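**Q** work-v2.cif is reproduced below (mmCIF, C-alpha atoms).
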```cif
data_my_file
#
loop_
_atom_site.label_atom_id
_atom_site.label_comp_id
_atom_site.auth_asym_id
_atom_site.auth_seq_id
_atom_site.Cartn_x
_atom_site.Cartn_y
_atom_site.Cartn_z
CA MET Z 1 153.04 301.81 163.04
CA LYS Z 2 150.89 304.81 163.98
CA VAL Z 3 153.85 306.65 165.47
CA ARG Z 4 155.97 305.92 162.40
CA GLY Z 5 153.21 307.15 160.13
CA ARG Z 6 152.77 310.37 162.09
CA CYS Z 7 156.52 311.05 162.02
CA LEU Z 8 156.59 310.48 158.28
CA LEU Z 9 153.64 312.81 157.74
CA LEU Z 10 155.28 315.52 159.86
CA LEU Z 11 158.43 315.21 157.76
CA LEU Z 12 156.44 315.50 154.54
CA LEU Z 13 154.49 318.51 155.81
CA GLU Z 14 157.78 320.16 156.71
CA LEU Z 15 159.03 319.46 153.18
CA VAL Z 16 155.86 321.05 151.81
CA PHE Z 17 156.59 324.19 153.81
CA LEU Z 18 160.22 324.30 152.71
CA SER Z 19 159.29 323.60 149.12
CA LEU Z 20 156.74 326.37 148.97
CA LEU Z 21 159.30 328.76 150.42
CA SER Z 22 161.76 327.92 147.65
CA LEU Z 23 161.80 330.36 144.78
CA CYS Z 24 163.18 330.21 141.29
CA HIS Z 25 165.84 332.89 141.52
CA ALA Z 26 166.82 334.86 138.45
CA SER Z 27 170.19 334.16 136.91
CA ALA Z 28 172.67 336.81 138.01
CA GLY Z 29 175.36 335.89 135.49
CA ASP Z 30 173.58 336.83 132.29
CA ASP Z 31 172.66 340.22 133.80
CA GLN Z 32 176.32 341.22 134.16
CA PRO Z 33 177.26 344.02 131.70
CA PRO Z 34 180.61 342.45 130.66
CA TYR Z 35 178.87 339.18 129.81
CA LYS Z 36 176.07 340.87 127.87
CA SER Z 37 178.47 343.00 125.85
CA CYS Z 38 180.61 339.93 125.15
CA VAL Z 39 177.64 337.98 123.78
CA GLU Z 40 176.47 340.91 121.65
CA SER Z 41 179.95 341.39 120.21
CA CYS Z 42 180.36 337.67 119.54
CA GLU Z 43 177.05 337.38 117.70
CA LYS Z 44 178.15 340.22 115.40
CA SER Z 45 181.76 339.20 114.83
CA GLY Z 46 181.61 335.45 115.47
CA CYS Z 47 184.60 335.65 117.83
CA VAL Z 48 185.41 335.77 121.54
CA ASP Z 49 188.94 337.06 122.01
CA ASP Z 50 191.03 334.89 119.67
CA SER Z 51 188.45 332.13 119.19
CA CYS Z 52 186.03 332.29 116.24
CA PHE Z 53 183.19 329.95 115.35
CA ASN Z 54 181.96 328.74 111.97
CA SER Z 55 178.36 328.66 113.18
CA CYS Z 56 178.29 332.49 113.20
CA LYS Z 57 178.05 334.86 110.23
CA PHE Z 58 181.49 336.40 109.76
CA PRO Z 59 181.70 339.92 108.33
CA VAL Z 60 184.35 340.82 105.77
CA GLY Z 61 187.80 341.26 107.31
CA ILE Z 62 187.57 338.59 110.02
CA ASP Z 63 189.06 335.16 109.62
CA PRO Z 64 187.14 332.20 111.13
CA GLU Z 65 190.38 330.80 112.54
CA GLY Z 66 191.05 333.98 114.51
CA ASP Z 67 193.51 335.85 112.26
CA PRO Z 68 192.05 339.34 111.60
CA SER Z 69 194.72 340.08 108.97
CA LEU Z 70 193.13 337.62 106.54
CA THR Z 71 189.98 338.51 104.61
CA LYS Z 72 187.44 335.93 103.51
CA SER Z 73 184.24 336.30 101.54
CA LEU Z 74 181.11 337.24 103.43
CA ASP Z 75 179.39 334.27 105.13
CA SER Z 76 181.80 331.72 103.62
CA ALA Z 77 182.40 329.92 106.92
CA TYR Z 78 178.74 330.19 107.86
CA GLU Z 79 177.61 328.76 104.53
CA LEU Z 80 180.09 325.91 104.97
CA PHE Z 81 178.60 325.27 108.41
CA LEU Z 82 175.07 325.12 106.98
CA LYS Z 83 176.12 322.52 104.42
CA GLU Z 84 177.18 320.11 107.15
CA PRO Z 85 174.77 317.36 108.29
CA LEU Z 86 172.40 318.26 111.12
CA TYR Z 87 174.08 315.93 113.62
CA LEU Z 88 177.41 317.69 113.04
CA ARG Z 89 175.84 321.13 113.43
CA TRP Z 90 174.18 319.91 116.64
CA LYS Z 91 177.54 318.73 117.95
CA LYS Z 92 179.25 322.04 117.10
CA TRP Z 93 176.52 324.22 118.65
CA ASP Z 94 174.83 327.20 117.02
CA CYS Z 95 176.16 330.75 117.11
CA THR Z 96 174.16 332.04 120.09
CA SER Z 97 174.85 328.98 122.25
CA GLU Z 98 178.55 329.02 121.39
CA CYS Z 99 178.85 332.73 122.15
CA ARG Z 100 177.05 332.34 125.46
CA TYR Z 101 179.24 329.43 126.49
CA GLN Z 102 182.53 331.05 125.53
CA CYS Z 103 181.60 334.36 127.16
CA MET Z 104 180.51 332.50 130.29
CA VAL Z 105 183.85 330.65 130.42
CA ARG Z 106 185.72 333.92 130.03
CA GLU Z 107 183.75 335.76 132.70
CA GLU Z 108 183.89 332.87 135.15
CA ALA Z 109 187.67 332.62 134.73
CA LYS Z 110 187.91 336.29 135.68
CA ARG Z 111 185.58 335.82 138.67
CA GLU Z 112 187.54 332.80 139.89
CA SER Z 113 190.82 334.69 139.68
CA ASP Z 114 189.24 337.47 141.75
CA GLY Z 115 188.06 334.95 144.36
CA HIS Z 116 184.31 335.17 143.59
CA LEU Z 117 181.83 332.28 143.60
CA PRO Z 118 180.28 331.07 140.30
CA LEU Z 119 177.07 332.63 138.98
CA LYS Z 120 174.20 331.10 137.05
CA TYR Z 121 173.80 331.99 133.38
CA HIS Z 122 170.38 331.66 131.76
CA GLY Z 123 169.18 329.50 134.64
CA LYS Z 124 172.18 327.16 134.64
CA TRP Z 125 175.47 326.88 136.44
CA PRO Z 126 178.69 327.16 134.41
CA PHE Z 127 179.25 323.54 133.36
CA VAL Z 128 182.26 322.12 131.55
CA ARG Z 129 181.24 320.65 128.19
CA PHE Z 130 182.14 317.02 127.56
CA PHE Z 131 181.95 315.73 123.96
CA SER Z 132 179.64 318.69 123.23
CA LEU Z 133 177.29 317.64 126.05
CA GLN Z 134 176.19 320.69 128.01
CA GLU Z 135 175.56 318.87 131.33
CA PRO Z 136 177.36 315.52 131.09
CA ALA Z 137 176.51 314.25 134.59
CA SER Z 138 172.79 314.99 134.21
CA VAL Z 139 172.83 313.33 130.78
CA ALA Z 140 174.42 310.17 132.18
CA PHE Z 141 172.02 309.92 135.11
CA SER Z 142 169.01 310.66 132.86
CA VAL Z 143 170.03 307.73 130.66
CA LEU Z 144 170.32 305.52 133.75
CA ASN Z 145 166.82 306.55 134.87
CA LEU Z 146 165.51 305.79 131.40
CA LEU Z 147 167.07 302.31 131.48
CA VAL Z 148 165.71 301.57 134.96
CA HIS Z 149 162.21 302.64 133.88
CA PHE Z 150 162.48 300.50 130.76
CA GLN Z 151 163.56 297.49 132.81
CA GLY Z 152 160.80 298.04 135.37
CA PHE Z 153 158.13 298.65 132.74
CA SER Z 154 159.05 295.64 130.59
CA SER Z 155 159.37 293.29 133.59
CA PHE Z 156 155.98 294.53 134.84
CA LEU Z 157 154.32 293.66 131.52
CA VAL Z 158 156.00 290.24 131.46
CA LEU Z 159 154.77 289.63 135.01
CA VAL Z 160 151.11 290.51 134.49
CA PHE Z 161 150.70 288.97 131.02
CA TYR Z 162 152.92 285.89 131.19
CA LYS Z 163 153.77 284.96 134.79
CA LEU Z 164 150.57 285.71 136.71
CA PRO Z 165 147.32 283.81 136.02
CA LEU Z 166 145.01 285.42 133.46
CA SER Z 167 141.22 285.67 133.62
CA ALA Z 168 138.86 283.55 131.56
CA HIS Z 169 138.85 286.32 128.92
CA GLY Z 170 142.65 286.22 128.63
CA SER Z 171 143.20 289.57 130.37
CA PRO Z 172 145.15 290.17 133.61
CA HIS Z 173 143.27 290.08 136.90
CA TYR Z 174 145.16 293.20 138.04
CA GLU Z 175 142.74 296.07 137.48
CA TYR Z 176 145.39 298.82 137.33
CA VAL Z 177 147.59 297.31 134.63
CA SER Z 178 146.58 299.82 131.92
CA LEU Z 179 147.18 302.77 134.26
CA TRP Z 180 150.70 301.60 135.10
CA ALA Z 181 151.40 300.88 131.43
CA ILE Z 182 150.61 304.49 130.54
CA TYR Z 183 152.73 305.62 133.47
CA GLY Z 184 155.67 303.60 132.17
CA LEU Z 185 155.42 305.13 128.69
CA LEU Z 186 155.14 308.67 130.07
CA SER Z 187 158.13 308.06 132.37
CA MET Z 188 160.36 306.83 129.55
CA ASN Z 189 159.26 309.73 127.35
CA SER Z 190 160.10 312.19 130.13
CA TRP Z 191 163.60 310.78 130.66
CA ILE Z 192 164.30 310.71 126.92
CA TRP Z 193 163.63 314.44 126.70
CA SER Z 194 165.54 315.04 129.93
CA THR Z 195 168.56 313.42 128.29
CA VAL Z 196 168.16 315.54 125.15
CA PHE Z 197 167.60 318.75 127.10
CA HIS Z 198 170.66 318.30 129.31
CA SER Z 199 172.68 317.48 126.20
CA ARG Z 200 171.67 320.73 124.54
CA ASP Z 201 169.60 323.45 126.14
CA VAL Z 202 167.64 325.20 123.39
CA ARG Z 203 164.09 326.49 123.36
CA PHE Z 204 162.68 323.39 121.63
CA THR Z 205 164.33 320.85 123.94
CA GLU Z 206 163.46 322.94 127.00
CA MET Z 207 159.78 323.01 126.07
CA LEU Z 208 159.65 319.26 125.49
CA ASP Z 209 161.53 318.46 128.70
CA TYR Z 210 159.38 320.67 130.93
CA SER Z 211 156.14 319.66 129.21
CA SER Z 212 156.97 315.95 129.50
CA ALA Z 213 157.88 316.31 133.18
CA VAL Z 214 154.68 318.21 134.00
CA ALA Z 215 152.57 315.68 132.08
CA LEU Z 216 154.20 312.82 134.01
CA LEU Z 217 153.67 314.57 137.35
CA GLY Z 218 150.02 315.26 136.58
CA TYR Z 219 149.36 311.69 135.50
CA SER Z 220 151.20 310.38 138.57
CA LEU Z 221 148.82 312.38 140.74
CA ILE Z 222 145.83 310.88 138.90
CA LEU Z 223 147.25 307.41 139.39
CA ALA Z 224 147.94 308.04 143.07
CA VAL Z 225 144.36 309.18 143.70
CA ILE Z 226 142.90 306.21 141.81
CA ARG Z 227 145.13 303.55 143.38
CA THR Z 228 145.07 304.82 146.96
CA GLY Z 229 141.32 305.38 146.66
CA GLY Z 230 140.79 301.85 145.31
CA MET Z 231 138.79 303.22 142.40
CA ARG Z 232 137.81 300.45 139.98
CA ALA Z 233 134.69 301.99 138.43
CA GLU Z 234 135.31 303.81 135.15
CA ALA Z 235 133.03 306.72 136.11
CA ALA Z 236 134.97 307.43 139.30
CA ARG Z 237 138.28 307.34 137.41
CA VAL Z 238 136.99 309.81 134.84
CA MET Z 239 135.75 312.19 137.55
CA VAL Z 240 139.22 312.20 139.09
CA SER Z 241 141.14 312.39 135.82
CA ALA Z 242 139.14 315.11 134.06
CA PRO Z 243 139.90 318.15 136.28
CA ILE Z 244 143.57 317.22 136.78
CA THR Z 245 144.04 316.60 133.05
CA ALA Z 246 142.37 319.93 132.25
CA PHE Z 247 144.64 321.81 134.66
CA ILE Z 248 147.83 320.11 133.46
CA SER Z 249 146.91 320.69 129.80
CA THR Z 250 146.19 324.36 130.48
CA HIS Z 251 149.45 324.72 132.39
CA ILE Z 252 151.49 323.20 129.56
CA LEU Z 253 149.80 325.44 126.99
CA TYR Z 254 150.41 328.46 129.21
CA LEU Z 255 154.13 327.68 129.46
CA ASN Z 256 154.63 326.99 125.76
CA LEU Z 257 152.31 329.52 124.12
CA TYR Z 258 152.02 332.42 126.55
CA LYS Z 259 154.83 332.74 129.11
CA PHE Z 260 157.53 330.31 130.21
CA ASP Z 261 157.33 331.19 133.90
CA TYR Z 262 159.96 329.12 135.72
CA GLY Z 263 158.84 330.21 139.19
CA TRP Z 264 155.18 329.37 138.60
CA ASN Z 265 156.10 326.03 137.01
CA MET Z 266 158.25 325.12 140.02
CA GLN Z 267 155.41 325.90 142.41
CA VAL Z 268 152.98 323.77 140.39
CA CYS Z 269 155.40 320.85 140.24
CA VAL Z 270 156.20 321.03 143.96
CA VAL Z 271 152.53 321.09 144.98
CA ILE Z 272 151.66 318.17 142.69
CA GLY Z 273 154.69 316.14 143.76
CA VAL Z 274 154.18 316.66 147.48
CA THR Z 275 150.44 315.98 147.22
CA GLN Z 276 150.93 312.59 145.64
CA MET Z 277 153.67 311.69 148.13
CA LEU Z 278 151.31 312.53 150.98
CA LEU Z 279 148.60 310.35 149.40
CA TRP Z 280 150.95 307.38 149.08
CA ALA Z 281 152.35 307.90 152.61
CA VAL Z 282 148.91 308.07 154.27
CA TRP Z 283 147.71 305.04 152.31
CA ALA Z 284 150.83 303.02 153.17
CA CYS Z 285 150.53 303.88 156.88
CA ARG Z 286 146.86 302.85 157.00
CA SER Z 287 147.12 299.83 154.68
CA SER Z 288 148.12 296.25 155.43
CA HIS Z 289 149.68 295.90 151.97
CA PRO Z 290 152.62 293.45 152.10
CA ALA Z 291 154.85 295.88 150.15
CA ARG Z 292 153.94 298.98 152.16
CA TYR Z 293 157.46 299.29 153.60
CA LYS Z 294 158.88 299.49 150.09
CA LEU Z 295 156.41 302.26 149.34
CA LEU Z 296 157.31 304.15 152.52
CA THR Z 297 161.00 303.86 151.62
CA VAL Z 298 160.28 305.29 148.17
CA VAL Z 299 158.27 308.19 149.63
CA PHE Z 300 160.91 308.93 152.26
CA GLY Z 301 163.75 308.74 149.71
CA ALA Z 302 161.93 310.94 147.20
CA SER Z 303 161.21 313.49 149.94
CA LEU Z 304 164.87 313.71 150.90
CA ALA Z 305 165.91 313.87 147.24
CA MET Z 306 163.59 316.86 146.78
CA LEU Z 307 165.83 318.84 149.11
CA LEU Z 308 168.54 318.72 146.42
CA GLU Z 309 166.23 320.68 144.14
CA ILE Z 310 165.55 323.23 146.86
CA TYR Z 311 169.08 323.76 148.19
CA ASP Z 312 171.07 324.20 144.99
CA PHE Z 313 174.86 324.61 144.83
CA PRO Z 314 177.47 325.25 142.11
CA PRO Z 315 178.77 322.19 140.22
CA LEU Z 316 181.74 320.32 141.64
CA TRP Z 317 184.59 320.24 139.11
CA GLY Z 318 182.23 321.99 136.71
CA ILE Z 319 180.18 318.80 136.26
CA LEU Z 320 178.28 317.57 139.33
CA ASP Z 321 175.63 319.93 140.69
CA ALA Z 322 172.59 319.38 142.94
CA HIS Z 323 170.30 318.67 140.00
CA ALA Z 324 172.64 315.96 138.67
CA ILE Z 325 172.88 314.37 142.13
CA TRP Z 326 169.07 314.45 142.31
CA HIS Z 327 168.96 312.52 139.03
CA ALA Z 328 171.41 310.03 140.52
CA THR Z 329 169.30 309.48 143.66
CA THR Z 330 166.19 308.75 141.61
CA VAL Z 331 167.84 305.69 140.00
CA PRO Z 332 167.60 303.36 143.06
CA ILE Z 333 164.30 304.98 144.07
CA THR Z 334 162.85 304.17 140.64
CA TYR Z 335 164.04 300.56 140.85
CA LEU Z 336 162.35 300.15 144.25
CA TRP Z 337 159.23 301.93 142.95
CA TRP Z 338 158.77 299.45 140.09
CA SER Z 339 159.41 296.63 142.57
CA PHE Z 340 156.47 297.91 144.64
CA ILE Z 341 154.28 298.13 141.52
CA LYS Z 342 155.04 294.49 140.66
CA ASP Z 343 154.39 293.41 144.25
CA ASP Z 344 151.08 295.27 144.10
CA ALA Z 345 150.16 293.37 140.93
CA LYS Z 346 150.96 290.04 142.61
CA PHE Z 347 149.04 290.98 145.75
CA ARG Z 348 145.93 292.17 143.92
CA THR Z 349 145.94 289.22 141.53
CA LYS Z 350 146.14 286.72 144.37
CA LEU Z 351 143.43 288.56 146.29
CA LEU Z 352 141.06 288.77 143.32
CA ILE Z 353 141.55 285.11 142.41
CA SER Z 354 140.80 284.03 145.97
CA LYS Z 355 137.65 286.20 146.00
CA THR Z 356 136.53 284.73 142.69
CA GLU Z 357 137.06 281.18 143.93
CA ALA Z 358 135.20 281.97 147.17
CA THR Z 359 132.28 283.39 145.17
CA LYS Z 360 132.12 280.29 142.99
CA ALA Z 361 132.22 278.06 146.07
CA ASN Z 362 129.32 279.98 147.65
CA LYS Z 363 127.26 279.71 144.48
CA SER Z 364 127.87 275.97 144.25
CA ARG Z 365 126.76 275.51 147.88
CA LYS Z 366 123.56 277.49 147.27
CA SER Z 367 122.77 275.50 144.13
CA GLN Z 368 123.10 272.28 146.10
#
```
Could you write out this file's structure as structure tokens?
**A**
Amino acid sequence: MKVRGRCLLLLLLELVFLSLLSLCHASAGDDQPPYKSCVESCEKSGCVDDSCFNSCKFPVGIDPEGDPSLTKSLDSAYELFLKEPLYLRWKKWDCTSECRYQCMVREEAKRESDGHLPLKYHGKWPFVRFFSLQEPASVAFSVLNLLVHFQGFSSFLVLVFYKLPLSAHGSPHYEYVSLWAIYGLLSMNSWIWSTVFHSRDVRFTEMLDYSSAVALLGYSLILAVIRTGGMRAEAARVMVSAPITAFISTHILYLNLYKFDYGWNMQVCVVIGVTQMLLWAVWACRSSHPARYKLLTVVFGASLAMLLEIYDFPPLWGILDAHAIWHATTVPITYLWWSFIKDDAKFRTKLLISKTEATKANKSRKSQ
């Protein structure tokens, strides 16, 4: 067990080193002059080559269907677009997003014909849209993660409140139930916004996705410290939670109100994620918990999955990239993770009940 624990720790330390070496590279595609001029021209005219878009403001002399010989009144197509319901406008994309996508498709077609590899545009690989979804594979796997978290969270609540014995006050014996309940809500919230963000990448959805993910990571670190440290006193939990909560809150405000620094955010997320994995790994190696092997499997799987975020590659068939595959790998890991949480609830409940019964037995002997 000691050898296995040391090997696991060495692997995690190596992942820390590799993770800290990874940088958030700038997108080369949107710096290309042909792409930039294409987007600027499209936002003015509403057209890319022969394709025109109703979400853009069309000047006099340009037809929204692509026929420049026809003249329509100023903004007629744009005003028609604004009258449509919001869900239809969302599906059809706004002017800037449509121009960026169409210009990206045009430039990538040229690069492919010249034998060049794909480039990233605005931080993303050139994906093929599917039913107006910007990253269809990531959307599908985000929904799967959401469903797995919902199943794990709901089954956990059913377990602790209805299947396991309750205390004399009607509350669960498991002392970490409220912490895991908050974790479940934050996890589902994070995957909801991940689904929305990968469906449509705009400033608003990006802010909510990144903020939700950082909040979940920060809370997960708090939970890891409290659970692996066996902290049951409220004062100890507050002392752990306060500085981490303050840092995470400041980081989120910095990203949203001052500067959305992708590189800095990646470094923060990597350090927080690796720290909590190390905490869980050390605790599992030193503990005699009956579900420790499940926990070690989760830590090992999550560590390997992190490599997909470090070693990125262009999407296969324009759909499946490293980030989407990472989302796919987290589905079974999440299922096993909630299985460990439920096993922990069973283990702690049984242990606390046996301690309570032993205490009562000792008191009855002394009274006799």
**Q** Which value, in Å to one decimal, gives the distance between atom CA of Val160 of chain Z and atom CA of Ala345 of chain Z?
**A** 7.1 Å
**Q** Evaluate the PyMOL selection byres ((chain Z and resi 276) around 10) here and jot the selected residues down as a list in words.
**A**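 Taken on the displayed file, the PyMOL selection byres ((chain Z and resi 276) around 10) yields the residues Leu217, Gly218, Ser220, Leu221, Ile222, Leu223, Ala224, Val225, Thr228, Val271, Ile272, Gly273, Val274, Thr275, Met277, Leu278, Leu279, Trp280, Ala281, Val282 and Val299 of chain Z.
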**Q** So that I can see what lies close to segment 172-180 of chain Z, please list as a count of residues only the residues with an atom at most 8 Å from it, counting only C-alpha atoms and leaving out residues fewer than 5 positions away in the same chain.
**A** 14
**Q** Could you expand the PyMOL selection byres ((chain Z and resi 342) around 12) into the explicit residues it covers here, written as number ranges by chain?
**A** Z: 151-161, 163-164, 174, 176-177, 180-181, 290-291, 294-295, 335-341, 343-349
**Q** I'd like the contact shell of segment 201-206 of chain Z - 12 Å cut-off, all atoms listed in the file, skipping same-chain residues fewer than 6 positions apart - returned as a short mmCIF file (atom, residue, chain, number, x, y, z; two decimals) with C-alpha atoms, in the frame of the given file.
**A**
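See selection_38.cif below for the written result:
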```cif
data_model
loop_
_atom_site.label_atom_id
_atom_site.label_comp_id
_atom_site.auth_asym_id
_atom_site.auth_seq_id
_atom_site.Cartn_x
_atom_site.Cartn_y
_atom_site.Cartn_z
CA TRP Z 90 174.18 319.91 116.64
CA TRP Z 93 176.52 324.22 118.65
CA ASP Z 94 174.83 327.20 117.02
CA CYS Z 95 176.16 330.75 117.11
CA THR Z 96 174.16 332.04 120.09
CA SER Z 97 174.85 328.98 122.25
CA GLU Z 98 178.55 329.02 121.39
CA ARG Z 100 177.05 332.34 125.46
CA TYR Z 101 179.24 329.43 126.49
CA TYR Z 121 173.80 331.99 133.38
CA HIS Z 122 170.38 331.66 131.76
CA GLY Z 123 169.18 329.50 134.64
CA LYS Z 124 172.18 327.16 134.64
CA SER Z 132 179.64 318.69 123.23
CA LEU Z 133 177.29 317.64 126.05
CA GLN Z 134 176.19 320.69 128.01
CA GLU Z 135 175.56 318.87 131.33
CA VAL Z 139 172.83 313.33 130.78
CA SER Z 190 160.10 312.19 130.13
CA ILE Z 192 164.30 310.71 126.92
CA TRP Z 193 163.63 314.44 126.70
CA SER Z 194 165.54 315.04 129.93
CA THR Z 195 168.56 313.42 128.29
CA SER Z 212 156.97 315.95 129.50
CA ALA Z 213 157.88 316.31 133.18
CA LEU Z 255 154.13 327.68 129.46
CA ASN Z 256 154.63 326.99 125.76
CA PHE Z 260 157.53 330.31 130.21
CA TYR Z 262 159.96 329.12 135.72
#
```
**Q** To one decimal in Å, tell me the separation between atom CA of Ala140 of chain Z and atom CA of Trp317 of chain Z.
**A**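 Atom-to-atom, atom CA of Ala140 of chain Z and atom CA of Trp317 of chain Z are spaced 15.9 Å apart.
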**Q** What does the distance from atom CA of Leu351 of chain Z to atom CA of Tyr293 of chain Z come to in Å, to one decimal?
**A**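 Calculated distance between atom CA of Leu351 of chain Z and atom CA of Tyr293 of chain Z is 19.1 Å.
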**Q** Please expand the PyMOL selection byres ((chain Z and resi 316) around 12) into the concrete residues it hits in this file, giving the result as a list in words.
**A**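 Applying the expression gives Pro118, Trp125, Pro126, Phe127, Val128, Ala137, Asp312, Phe313, Pro314, Pro315, Trp317, Gly318, Ile319, Leu320, Asp321, Ala322, His323, Ala324 and Ile325 of chain Z.
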